[in-house]
$ cat start-v3.tsv   # TSV, C-alpha atoms
chain	number	residue	atom	x	y	z
A	228	MET	CA	-225.32	25.66	68.00
A	229	GLU	CA	-227.08	22.86	69.87
A	230	LYS	CA	-228.81	23.95	73.09
A	231	ASN	CA	-226.90	21.50	75.31
A	232	VAL	CA	-223.53	22.66	73.98
A	233	LYS	CA	-224.54	26.30	74.30
A	234	ILE	CA	-225.60	25.84	77.93
A	235	ALA	CA	-222.37	23.96	78.73
A	236	ILE	CA	-220.35	26.87	77.31
A	237	LEU	CA	-222.47	29.42	79.16
A	238	LEU	CA	-221.97	27.40	82.34
A	239	ASP	CA	-218.20	27.63	81.88
A	240	ILE	CA	-218.39	31.38	81.37
A	241	TYR	CA	-221.04	32.39	83.92
A	242	GLY	CA	-221.20	29.41	86.28
A	243	SER	CA	-219.67	31.30	89.18
A	244	LEU	CA	-222.61	33.74	89.07
A	245	LEU	CA	-225.13	30.97	89.79
A	246	THR	CA	-225.99	29.58	93.19
A	247	GLU	CA	-223.93	26.55	94.19
A	248	LYS	CA	-226.99	24.33	93.85
A	249	GLN	CA	-227.87	25.62	90.37
A	250	TYR	CA	-224.28	25.21	89.23
A	251	LYS	CA	-224.05	21.65	90.56
A	252	LEU	CA	-227.34	20.59	88.99
A	253	LEU	CA	-226.52	22.15	85.62
A	254	ASP	CA	-223.02	20.63	85.71
A	255	ASP	CA	-224.42	17.20	86.54
A	256	TYR	CA	-227.01	17.41	83.79
A	257	TYR	CA	-225.07	19.07	80.95
A	258	ASN	CA	-221.45	18.11	81.63
A	259	LYS	CA	-221.75	14.79	83.45
A	260	ASP	CA	-224.82	13.67	81.44
A	261	LEU	CA	-226.78	12.49	84.49
A	262	SER	CA	-230.54	12.06	84.17
A	263	LEU	CA	-233.04	14.07	86.18
A	264	SER	CA	-233.77	10.99	88.28
A	265	GLU	CA	-230.09	10.33	88.98
A	266	ILE	CA	-229.53	13.92	90.01
A	267	GLY	CA	-232.64	13.84	92.20
A	268	GLU	CA	-231.40	10.72	93.97
A	269	ASN	CA	-227.94	12.21	94.52
A	270	GLU	CA	-229.38	15.47	95.89
A	271	ASN	CA	-232.33	13.92	97.79
A	272	ILE	CA	-234.84	16.03	95.87
A	273	THR	CA	-237.62	15.16	93.45
A	274	ARG	CA	-237.16	14.88	89.74
A	275	GLN	CA	-239.49	17.88	89.36
A	276	ALA	CA	-237.37	19.96	91.74
A	277	VAL	CA	-234.32	19.12	89.64
A	278	ARG	CA	-236.17	20.22	86.51
A	279	ASP	CA	-237.34	23.47	88.10
A	280	ASN	CA	-233.82	24.31	89.29
A	281	LEU	CA	-232.37	23.49	85.87
A	282	LEU	CA	-234.83	25.84	84.18
A	283	LYS	CA	-234.07	28.65	86.63
A	284	GLY	CA	-230.33	28.14	86.12
A	285	GLU	CA	-230.67	28.03	82.33
A	286	ASN	CA	-232.74	31.23	82.35
A	287	ASN	CA	-230.10	32.93	84.49
A	288	LEU	CA	-227.34	31.88	82.07
A	289	PHE	CA	-229.26	33.20	79.07
A	290	GLU	CA	-229.96	36.48	80.90
A	291	TYR	CA	-226.27	36.91	81.73
A	292	GLU	CA	-225.34	36.29	78.11
A	293	ALA	CA	-228.00	38.73	76.90
A	294	LYS	CA	-226.62	41.44	79.18
A	295	LEU	CA	-222.89	40.75	78.98
A	296	GLY	CA	-222.45	38.95	75.65
A	297	LEU	CA	-219.22	37.21	76.61
A	298	MET	CA	-219.94	34.04	74.62
A	299	LYS	CA	-220.76	36.08	71.52
A	300	LYS	CA	-217.53	38.06	71.93
A	301	GLN	CA	-215.57	34.83	72.40
A	302	GLU	CA	-217.07	33.31	69.25
A	303	LYS	CA	-216.26	36.48	67.28
A	304	GLN	CA	-212.69	36.44	68.55
A	305	GLU	CA	-212.29	32.78	67.58
A	306	ASP	CA	-213.61	33.55	64.08
A	307	ASN	CA	-211.17	36.44	63.73
A	308	ILE	CA	-208.25	34.26	64.85
A	309	LYS	CA	-209.27	31.58	62.35
A	310	LYS	CA	-209.45	34.14	59.51
A	311	LEU	CA	-206.10	35.61	60.51
A	312	SER	CA	-204.53	32.17	60.52
A	313	GLU	CA	-205.99	31.41	57.09
A	314	ASN	CA	-204.68	34.73	55.72
A	315	VAL	CA	-201.19	34.03	57.06
A	316	GLU	CA	-201.34	30.57	55.48
A	317	GLU	CA	-202.31	32.05	52.10
A	318	LEU	CA	-199.61	34.69	52.36
A	319	GLY	CA	-197.07	31.96	53.09
A	320	LYS	CA	-197.88	30.38	49.73
A	321	LEU	CA	-197.03	33.61	47.92
A	322	ILE	CA	-193.79	34.57	49.66
A	323	THR	CA	-190.41	33.22	48.61
A	324	ASP	CA	-188.05	35.51	50.56
A	325	LYS	CA	-186.49	33.50	53.43
A	326	LYS	CA	-186.70	36.36	55.97
A	327	GLN	CA	-190.37	36.90	55.22
A	328	VAL	CA	-191.08	33.16	55.42
A	329	LYS	CA	-189.34	33.05	58.81
A	330	LEU	CA	-191.37	36.05	60.02
A	331	LEU	CA	-194.61	34.40	58.88
A	332	ALA	CA	-193.65	31.23	60.75
A	333	GLN	CA	-193.23	33.31	63.90
A	334	ILE	CA	-196.61	34.97	63.34
A	335	LYS	CA	-198.27	31.57	62.88
A	336	LYS	CA	-196.66	30.38	66.12
A	337	GLN	CA	-198.01	33.41	67.99
A	338	ILE	CA	-201.48	32.89	66.54
A	339	GLY	CA	-201.36	29.29	67.74
A	340	LYS	CA	-200.68	30.50	71.27
A	341	ILE	CA	-203.80	32.70	71.19
A	342	LYS	CA	-206.09	29.77	70.50
$ encode --input "start-v3.tsv" --output "structure tokens"
Amino acid sequence: MEKNVKIAILLDIYGSLLTEKQYKLLDDYYNKDLSLSEIGENENITRQAVRDNLLKGENNLFEYEAKLGLMKKQEKQEDNIKKLSENVEELGKLITDKKQVKLLAQIKKQIGKIK
């Protein structure tokens, strides 16, 4: 997974654990795609201060993930849901009984709600 995408996901998961300033700077940089200079101008700080705060925030996010593993768990859950959905789809190709087909349709609907 690309670093920018990974940090954006980690920010969604752990953003509330960061300081307000770190969250705002990371959000501006990774989600709003502002440059270091633009962020510095908006916050009345130097480009280097923006960079330093971004690095501290990124390190905090990676530490939280290393300790809590919520993103890894989320990815695993999404993989399991995808596999389950694929298995239900394959099973649907094999079944001809109308009651079973209807039940599979209900299961597929429930799986869709999980995503």
$ axis_aligned_box --input "start-v3.tsv" --around "stretch 305-310 of chain A" --padding-each-side "6 Å" --output "lines of an AutoDock Vina configuration file"
center_x = -210.9
center_y = 34.0
center_z = 63.5
size_x = 17.4
size_y = 16.9
size_z = 20.1
$ residues_around --input "start-v3.tsv" --residues "A:Leu311" --least-positions-apart "2" --cutoff "12 Å" --atoms "only C-alpha atoms" --output "JSON, numbers by chain"
{"A": [304, 305, 306, 307, 308, 309, 313, 314, 315, 316, 317, 318, 331, 334, 335, 337, 338, 339, 341, 342]}
$ closest_residue --input "start-v3.tsv" --among "A:Leu245, A:Leu321, A:Val277, A:Ala235" --to "A:Glu290" --atoms "only C-alpha atoms"
A:Leu245
$ closest_residue --input "start-v3.tsv" --among "A:Leu281, A:Asn258, A:Lys326, A:Leu237" --to "A:Leu297" --atoms "all atoms listed in the file"
A:Leu237
$ atom_distance --input "start-v3.tsv" --atom1 "atom CA of A:Tyr291" --atom2 "atom CA of A:Glu247"
16.4 Å
$ atom_distance --input "start-v3.tsv" --atom1 "atom CA of A:Leu282" --atom2 "atom CA of A:Asn269"
18.4 Å
$ atom_distance --input "start-v3.tsv" --atom1 "atom CA of A:Ile272" --atom2 "atom CA of A:Glu229"
28.0 Å
$ decode --input "start-v3.tsv" --residues "stretch 245-259 of chain A" --atoms "all heavy atoms" --output "tab-separated table (two decimals), in the first residue's frame"
chain	number	residue	atom	x	y	z
A	245	LEU	N	-4.14	12.17	18.15
A	245	LEU	CA	-3.10	13.16	17.90
A	245	LEU	C	-3.49	14.51	18.51
A	245	LEU	O	-4.65	14.74	18.86
A	245	LEU	CB	-2.92	13.36	16.38
A	245	LEU	CG	-2.49	12.14	15.57
A	245	LEU	CD1	-2.54	12.48	14.08
A	245	LEU	CD2	-1.11	11.67	15.97
A	246	THR	N	-2.50	15.39	18.61
A	246	THR	CA	-2.82	16.75	19.02
A	246	THR	C	-3.64	17.40	17.90
A	246	THR	O	-3.58	16.96	16.74
A	246	THR	CB	-1.56	17.59	19.26
A	246	THR	OG1	-0.86	17.76	18.02
A	246	THR	CG2	-0.66	16.95	20.30
A	247	GLU	N	-4.38	18.43	18.23
A	247	GLU	CA	-5.19	19.12	17.21
A	247	GLU	C	-4.31	19.63	16.08
A	247	GLU	O	-4.67	19.54	14.91
A	247	GLU	CB	-5.96	20.28	17.84
A	247	GLU	CG	-7.15	19.86	18.65
A	247	GLU	CD	-7.94	21.06	19.17
A	247	GLU	OE1	-8.13	22.04	18.43
A	247	GLU	OE2	-8.38	20.99	20.33
A	248	LYS	N	-3.15	20.17	16.44
A	248	LYS	CA	-2.24	20.73	15.43
A	248	LYS	C	-1.71	19.62	14.51
A	248	LYS	O	-1.71	19.77	13.29
A	248	LYS	CB	-1.08	21.45	16.10
A	248	LYS	CG	-0.16	22.15	15.13
A	248	LYS	CD	0.86	22.99	15.85
A	248	LYS	CE	1.65	23.82	14.85
A	248	LYS	NZ	2.52	24.78	15.52
A	249	GLN	N	-1.27	18.50	15.09
A	249	GLN	CA	-0.78	17.40	14.27
A	249	GLN	C	-1.88	16.90	13.34
A	249	GLN	O	-1.63	16.66	12.16
A	249	GLN	CB	-0.28	16.25	15.14
A	249	GLN	CG	1.04	16.50	15.80
A	249	GLN	CD	1.45	15.37	16.73
A	249	GLN	OE1	0.64	14.55	17.13
A	249	GLN	NE2	2.73	15.35	17.08
A	250	TYR	N	-3.08	16.75	13.88
A	250	TYR	CA	-4.18	16.26	13.06
A	250	TYR	C	-4.44	17.21	11.90
A	250	TYR	O	-4.55	16.79	10.75
A	250	TYR	CB	-5.47	16.09	13.88
A	250	TYR	CG	-6.61	15.61	13.02
A	250	TYR	CD1	-6.76	14.26	12.74
A	250	TYR	CD2	-7.49	16.51	12.43
A	250	TYR	CE1	-7.77	13.81	11.90
A	250	TYR	CE2	-8.52	16.07	11.60
A	250	TYR	CZ	-8.65	14.71	11.35
A	250	TYR	OH	-9.65	14.28	10.51
A	251	LYS	N	-4.51	18.50	12.18
A	251	LYS	CA	-4.81	19.48	11.14
A	251	LYS	C	-3.74	19.48	10.06
A	251	LYS	O	-4.05	19.49	8.87
A	251	LYS	CB	-4.95	20.88	11.72
A	251	LYS	CG	-5.26	21.94	10.66
A	251	LYS	CD	-5.82	23.18	11.21
A	251	LYS	CE	-6.16	24.24	10.20
A	251	LYS	NZ	-6.25	23.88	8.81
A	252	LEU	N	-2.47	19.44	10.47
A	252	LEU	CA	-1.39	19.45	9.49
A	252	LEU	C	-1.39	18.19	8.64
A	252	LEU	O	-1.24	18.26	7.41
A	252	LEU	CB	-0.04	19.62	10.19
A	252	LEU	CG	0.18	20.95	10.94
A	252	LEU	CD1	1.54	20.96	11.62
A	252	LEU	CD2	0.03	22.14	10.02
A	253	LEU	N	-1.56	17.04	9.28
A	253	LEU	CA	-1.62	15.79	8.52
A	253	LEU	C	-2.83	15.76	7.58
A	253	LEU	O	-2.72	15.31	6.44
A	253	LEU	CB	-1.65	14.58	9.46
A	253	LEU	CG	-0.33	14.26	10.17
A	253	LEU	CD1	-0.57	13.31	11.34
A	253	LEU	CD2	0.67	13.68	9.20
A	254	ASP	N	-3.96	16.25	8.05
A	254	ASP	CA	-5.17	16.29	7.23
A	254	ASP	C	-4.95	17.21	6.03
A	254	ASP	O	-5.30	16.85	4.90
A	254	ASP	CB	-6.35	16.77	8.07
A	254	ASP	CG	-7.65	16.75	7.30
A	254	ASP	OD1	-8.00	15.68	6.74
A	254	ASP	OD2	-8.34	17.79	7.26
A	255	ASP	N	-4.37	18.37	6.28
A	255	ASP	CA	-4.10	19.30	5.17
A	255	ASP	C	-3.15	18.69	4.15
A	255	ASP	O	-3.35	18.82	2.95
A	255	ASP	CB	-3.50	20.61	5.69
A	255	ASP	CG	-4.51	21.51	6.37
A	255	ASP	OD1	-5.72	21.26	6.24
A	255	ASP	OD2	-4.08	22.48	7.03
A	256	TYR	N	-2.14	18.00	4.62
A	256	TYR	CA	-1.13	17.47	3.72
A	256	TYR	C	-1.60	16.21	2.98
A	256	TYR	O	-1.46	16.11	1.76
A	256	TYR	CB	0.16	17.17	4.50
A	256	TYR	CG	1.32	16.81	3.63
A	256	TYR	CD1	1.98	17.77	2.87
A	256	TYR	CD2	1.77	15.49	3.55
A	256	TYR	CE1	3.06	17.45	2.07
A	256	TYR	CE2	2.86	15.15	2.75
A	256	TYR	CZ	3.48	16.14	2.01
A	256	TYR	OH	4.54	15.80	1.20
A	257	TYR	N	-2.18	15.26	3.71
A	257	TYR	CA	-2.53	13.98	3.10
A	257	TYR	C	-3.94	13.92	2.51
A	257	TYR	O	-4.17	13.22	1.54
A	257	TYR	CB	-2.33	12.83	4.10
A	257	TYR	CG	-0.88	12.56	4.35
A	257	TYR	CD1	-0.25	13.01	5.50
A	257	TYR	CD2	-0.11	11.89	3.41
A	257	TYR	CE1	1.11	12.78	5.71
A	257	TYR	CE2	1.25	11.66	3.61
A	257	TYR	CZ	1.84	12.12	4.76
A	257	TYR	OH	3.18	11.89	4.95
A	258	ASN	N	-4.88	14.62	3.12
A	258	ASN	CA	-6.26	14.55	2.61
A	258	ASN	C	-6.62	15.72	1.71
A	258	ASN	O	-7.38	15.55	0.76
A	258	ASN	CB	-7.26	14.45	3.77
A	258	ASN	CG	-7.14	13.13	4.52
A	258	ASN	OD1	-6.80	12.12	3.94
A	258	ASN	ND2	-7.43	13.16	5.80
A	259	LYS	N	-6.09	16.89	2.02
A	259	LYS	CA	-6.42	18.08	1.22
A	259	LYS	C	-5.35	18.39	0.19
A	259	LYS	O	-5.49	19.32	-0.59
A	259	LYS	CB	-6.66	19.27	2.14
A	259	LYS	CG	-7.85	19.07	3.05
A	259	LYS	CD	-8.04	20.22	4.00
A	259	LYS	CE	-9.21	19.91	4.96
A	259	LYS	NZ	-9.24	20.88	6.07
